[in-house]
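Following: one structure in structure tokens, then a few remarks.
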Amino acid sequence: MVSYKRLNPENVQFSGALLSEEHHRPAQEDVAVPQPDSTSLLPRRLSCSITKVVLILGSLLLVLFGGWLLHTIYWLRTTSVQAHRPPPPAPGQALGPVLQADMNDTVAAARSKACSAIPEAWRFDCYPEKAVVVTRELCEARSCCFIPASGSTRGRSRKNGIPWCFYPPDFPSYSLVSSKNASMGLKGTLVKDVKTYYPGDILTLEMEIRHETDTRLRVRITDPSSSRFEVPLSVPTATKKAENPEYVVEFSKQPFGLVVKRKSTGTVLLNTTVAPLFYADQFLQFSTALPSQFIYGLGEHRSTFLHNIQWNTLTMWARDVPPMEQTNLYGVHPFYLAMEDDGDAHGFFLLNSNAMDVALQPGPALTWRTIGGILDFYVFLGPDPGSVVQQYVEVIGQPAMPIYWALGYHLCRWGYKTSNATWEVVRRMRNYGIPQDVQWNDIDYMDQAKDFTFDPMNFNTLPDLVLDLHAHNQTYVMIMDPGISSTQPEGSYWPFDEGLKRGVFIKDAEGKTLIGKVWPGLTAFPDFSDEATYEWWYENLQRFHEKVPFDGLWIDMNEPSNFLDGSTVGCPSNSLENPPYTPGVLGGLLRSKTVCASAQQKLSTHYNLHSLYGLMEAKATASALKRILAKRPFVISRSTFPSHGSYSGHWLGDNRSHWKDLYTSIAGMLTFNLLGIPLVGADICGFSEEPQEELCVRWTQLGAFYPFARNHNSLDMTPQDPTAFSPSARTAMKQALLLRYSFFPFLYTLFHHAHVKGHTVARPLMFEFPKDVKTYGIDSQFLWGRSLLVTPVLEPGVDYVVGYFPEGLWYDFYTGDSVSSKGEELRLSAPMDKINLHLRQGSIIPTQEPNVTLWISSGQPLHLVSALSDDGSASGDLFWDDGETIDTYETERYTYVVFSVSQNTMTSSVLHSDQEGSFLSIDSASFYGVKQKPSAVLVNSHKFPFIYRDNQVLSVASLGLRLTQNFTISWM
């Protein structure tokens, strides 16, 4: 695969003349290069005599000075917003009105000097089109400043990303011509007098400011004269204006700009005055200054957890491509979380599904550039990172509570080739006593890769395999692709015949069923924006479930992926296929390896719905599984969009068996947790290329702490399940998986909090330590909840790892040995059979004796581990239910217990109880950080035997306490 980067002038060599267009296109791609608008803002140069020049010179200088004076007085009199703009040109260098093409050299020099005064970090790209060598003529045709990046020379340049063509301060933009108070905030009218360089400029806009809650602000900018596509996402509808908002909203009227400040600190969270607003039919753009360089989110991209703001453009348009840097990947999430200088955090969400670029620059600043829909965005005030995520998922939807076995170990590969071969792997796992809850199959099981079928020869024992899994308290998941074979003899393949009859497939621009090509050959694509498709999808799954009683579904290839560009007959030539501006999508075309942008769906064109396809399929699949199984649905999807966590989990795609992929998986996991999809993980040991034993051991140790833990392998690669390696490697992997299973009560409780409160499960350190700037860039370690610090080995050939420990007391999970850190890096021993785990002071976590499946493990007695603070306090909790019934929390069929330690006494408080909780007992407890050996331990006021070790660990066993009854454990 090839990653097409944005082509800036500094990336090419040229000598004067504009090079021919074909020399700057990606190989074998047709890239539409927008031409300057024929009605340019700058008229052509006129000829004139010397006398005219003198007269015009004097007049222009007088007009220029007067304009500059009026301009300065006006901005001094308008709002205090200007104090929040980026560094302005030096005094006396402010730009005047748009200069005419016949300006003399003196005036041109003044303009050039004013352009030069704009700091490089604050130059907003006026010519972002890819595959275009931006010349002075092209740039000035857009009335923009043209300055080659510093350090560049003719034919050679420094690749620093600084735009050569950028907006001057006087670039035409909208004005706020009227405003009025509204029930939820304010409404205003924005007007622009001059058309800019993209067609379909909308000159009059309506703006609505909605003070929805004290920590949530919503802004909508729409076209009052015409209805435009809006994302069909169900969001909360506030009916009462916030009474005590934590934000202040200010405006610049001319040119229009919006500034949002945090009331308590004055920190500017949003400032759109830094660059002009664009609102054309197929090009919407606005920019904002950022309060710091610390920006997270903006999925899905392979990168570090903390984004690079050095001229870094992130493109969003769902795409089937193995994870690589600087490429649009499977999902689209236009949400970012930003840290502020004082440790506060806020979030920003643009509710838009069209193809877009998000450009980061070192101002620091950010530009949103999308090619459809409306501008509908939210600002979340936090003020801590966890609260930002909570406020975000309140809008997009809370994550679903997973079925219990979803948190076990999953095993899969493309290339088992037969059901008996699959079965044999399961047997080997059992024989070695290695935990496994779920067995998967890739497309091997299908008959000629057709959905809702299984190979009658190679997978003839598949139904028996599934029944055997169920007999051993294990479950079965299979892949399901959206592409439906369209070439089977009429009457022989019900899914296509019935789908055609009901009209559930995506249509081309002429209204005919669009045909692409995927694994089964020529295929049609279900339109999941149509409710009729939901019923058709359910009926197909139900019919197949009667043959193979699967327990969950893996939906893949749902960007949707297409082996062709568009369809078998191509795509029409129109503005949807070739918009005036195309974001930096891989392949250069919206239809690249997917269906035509102009394809028709029930709700809208694919141009608007493309990046929603995976979400819509996930909703249909989760709905069908609920009906078929009457249990919590288990769905893992490749393509995702905001609210996806309410229906499905996600895996990070077709990674490679490389150490780099091991490392980047942590950033991916953390990013999706803050995007509201906590059930996430990467393919353990890597999907493609040959696995190395050491890498696979280390990856299994890390993968044991992915919220979703699946080992997945590619076709014709060496097997990489734990049984395929040496005895020592196999033992190390088994220990890691048993360790995961012992943490099940803790992990299950974390998912409860994600479901009910919008918390993250896998959590970056900076979420818990937002005042510690050293944590902001850490993505080689992470936390489970607030309590458990995971420090994996991410490099080959080492028996140690260096980890950062924020200020406080930390305890080695295995031994209880304590480390008091001032906020420092520590070198930790890490032999091949160990992953370092540390408990944070003040935490209590419940664990269980592990077994080969979670069904067995979950019936074992609990062990409570308390990591005491310096003052001897700690707290924790446990959520418990039957693990599979839908909405147990909402229908109050659960047990919830809070544990606390204070003044040498642990107490449990049963806040809610249910029959399932009554089956559990607490057998033992350990207390890390008991500073003196007790003379006695009392359990419910009765003396009890105990063990006290020199490392200040107190342990009691054989307690026999019932979970649903309050108890105390004290020592003196």
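Here, A, B, ... name the chains of the structure tokens in the order displayed, residue numbers run from 1 inside each chain, and ligands are numbered from 1 in the same displayed order.
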
Near Val798 in chain A, within 8 Å and counting only C-alpha atoms, which residues show up once chain neighbours fewer than 5 positions away are dropped, as number ranges by chain? A: 793, 830-831

If you count only C-alpha atoms, which residues fall within 7 Å of range 142-150 of chain A, apart from same-chain ones fewer than 3 positions away, as a PyMOL selection string? chain A and resi 40-42+115+126+136+138-139+162-168+197

Let me see the file: selected residues, C-alpha atoms, as a CSV table (one decimal), in the first residue's frame.
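The new file part.csv reads:
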chain,number,residue,atom,x,y,z
A,40,SER,CA,-10.9,36.2,-9.3
A,41,LEU,CA,-10.9,38.7,-6.5
A,42,LEU,CA,-7.9,40.3,-8.2
A,115,CYS,CA,2.5,39.3,4.8
A,126,CYS,CA,-4.8,29.1,1.4
A,136,ARG,CA,2.7,33.0,-7.0
A,138,LEU,CA,-2.1,30.6,-8.4
A,139,CYS,CA,-1.8,32.0,-4.9
A,162,ILE,CA,5.0,25.8,6.3
A,163,PRO,CA,2.5,26.9,3.7
A,164,TRP,CA,3.8,29.1,0.9
A,165,CYS,CA,0.3,30.5,0.2
A,166,PHE,CA,-1.6,31.8,3.2
A,167,TYR,CA,-4.4,34.1,4.2
A,168,PRO,CA,-3.8,37.8,4.8
A,197,TYR,CA,-12.5,30.7,-4.8

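The space between CA of Val901 in chain A and CA of Lys757 in chain A spans 24.0 Å.
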
Go through A:Tyr748, A:Phe672, A:Tyr607, A:Tyr663 and flag the residue nearest Ile684 in chain A, using only C-alpha atoms for the distances. A:Tyr663

Separating CA of Thr370 in chain A from CA of Leu277 in chain A, to the nearest tenth of an Å, is a gap of 12.1 Å

Can you tell me, as a PDB file with N, CA and C atoms, in the first residue's frame, what residues are no more than 9 Å from Gln903 in chain A when counting only C-alpha atoms, ignoring any on the same chain fewer than 6 positions away?
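The resulting file, part.pdb, is shown below:
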ATOM      1  N   ASP A 871      -1.655   7.661  54.690  1.00  0.00           N
ATOM      2  CA  ASP A 871      -2.523   7.805  55.860  1.00  0.00           C
ATOM      3  C   ASP A 871      -3.324   6.537  56.149  1.00  0.00           C
ATOM      4  N   GLY A 872      -3.029   5.467  55.419  1.00  0.00           N
ATOM      5  CA  GLY A 872      -3.672   4.192  55.680  1.00  0.00           C
ATOM      6  C   GLY A 872      -5.039   4.028  55.065  1.00  0.00           C
ATOM      7  N   SER A 873      -5.413   4.871  54.099  1.00  0.00           N
ATOM      8  CA  SER A 873      -6.743   4.797  53.493  1.00  0.00           C
ATOM      9  C   SER A 873      -6.688   4.147  52.114  1.00  0.00           C
ATOM     10  N   SER A 970     -10.424  -5.565  60.684  1.00  0.00           N
ATOM     11  CA  SER A 970      -9.645  -4.523  61.365  1.00  0.00           C
ATOM     12  C   SER A 970      -8.414  -5.143  62.005  1.00  0.00           C
TER      13      SER A 970
END
